[in-house]
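Report on the following structure.
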Amino acid sequence: MKVLLIVDDEAYARQAVVNTIPWAEYGVEVYQASSGKEALEFMKKYTVDILMTDIRMPSMTGLELLEKVNQMGISPAVIMLSSYNEFELVRSAMQLGAEDYLFKPTMMPGDILESVQRVLEKKKEIKNNSVHTVSKKDILKCFLQGEKVSKSSSGMTAEQWKELENTEFAVVCIQLIKYQECLTRVFGDDLSLMQFSIGNVLEEVISEDGECFLYRINYKECAIICCKTKEIESRKLFIERIYNKLNSGFTFLKLYYQIEVAAGISDLTQGTEFLARNYAHATELCARADTEVNKIRISGVSDIAGSMKKEVIQALNYIGENIGNKELSLQMVADKIGVSKNYFSKIFKESMGVKFVDYITKLRMEQARNLYLNSDMKIYEIAELVGYSDWHYLYNLYKKMYGHSLSKEKEGKR
């Protein structure tokens, strides 16, 4: 049996967790503590596999409890319980090693059980690999947060560590700008579900042809570490690829969820020592993003947004918002941004590297794929949403472009 210790100063909150789930059926034995001090005394005597604690408690907060647990040298899987106004505290908890968090006002029995099973599975995987080994994603997360990991504590071989230090990384900070309507309409005011769904979409899009790791910072912010492993690819092309993938993902979020997002992309630097600095820089760039003109800010000499003409940036945003319009055309976009059709065609090709019609087609295919994989919509509904009146045409065009059907995509994801 695995031991779960619930720490909360409110008795009814503890009882709600204890009584709503038949824990014994899932191999879990549950104990309660009404304070951080009581929890520490319990953990000095007994092994605890999962620590579920409220963040705000009198005398000793959940963060202080977690700090003391770390000082004791024990490592239960930690789940934080928080309220809506405590996201900065949640972020601090994650930095101290918490692996998941639940929002008390909206959490349901299924959410609690799923969280417990998820952190137990993660702990099992780490133990199976090695007592001292953590995953590459976890190692990079430590550096992202400004912590240090030595080669000896990582469990990596000398060759694996050398490969990590020779890899180049860019960090992306993504923040939700407009989401309130979608939160209620689509997710029933469940912030954690919205965060999980959006993270899945972005991870799906940006990881298609490269190694990337997504970290959910809080309900409206996530960070992505993108690893440059293709030596033949220039740094500029690497950043351009991230930029275009983000644009595609943001268009999907706008199209399907009516969510607006902004992002900042850091410089590309070698090794892990600059990850925390790059994240801070990406966060700063994200704060300066303008969702009306330039929703993705990029750092350094490879600043695509800086070198790209303002008309093209405006066009990309307009295209993203109107991709479902069957009448969308080169002339329509040129008229919208106030330039001639021929001039727009020229600057678009120079900036994007593809013709306007090819860009629209590929974007529609990517949106169709995302909708097909991440929603329960029928293919004819998807076709309508991405600008095609005939779903057969969409289906056949997709197969021609990618060499397999949409249904094969879903089979491959299972």
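Residue numbering restarts at 1 in every chain; chains get A, B, ... in the order shown in the structure tokens, and ligands count up from 1 in that same order.
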
Kindly provide the residues of range 107-226 of chain A that approach range 74-82 of chain A to within 10 Å, each paired with its closest atom pair and their distance in Å to one decimal, based on only C-alpha atoms, listed by chain and increasing number, as a Markdown table.
| residue | atom | partner | partner_atom | distance |
| --- | --- | --- | --- | --- |
| A:Met107 | CA | A:Leu81 | CA | 9.3 |
| A:Ile112 | CA | A:Ile79 | CA | 9.4 |
| A:Ser115 | CA | A:Ile79 | CA | 7.7 |
| A:Val116 | CA | A:Ile79 | CA | 7.8 |
| A:Arg118 | CA | A:Ala77 | CA | 9.8 |
| A:Val119 | CA | A:Ala77 | CA | 6.1 |
| A:Leu120 | CA | A:Ala77 | CA | 7.0 |
| A:Glu121 | CA | A:Ala77 | CA | 10.0 |
| A:Lys122 | CA | A:Ala77 | CA | 8.7 |
| A:Lys123 | CA | A:Ala77 | CA | 7.0 |

Quick one: DSSP alpha helix (DSSP H) residues in range 34-279 of chain A, as a ChimeraX atom specification? /A:36-45,62-72,87-95,109-129,136-144,151-154,158-166,180-185,191-206,235-252,275-279

Please determine, counting only C-alpha atoms, which residue among A:Val7, A:Asp111, A:Glu327, A:Val186 has the shortest atom-to-atom distance to Thr61 in chain A. A:Val7
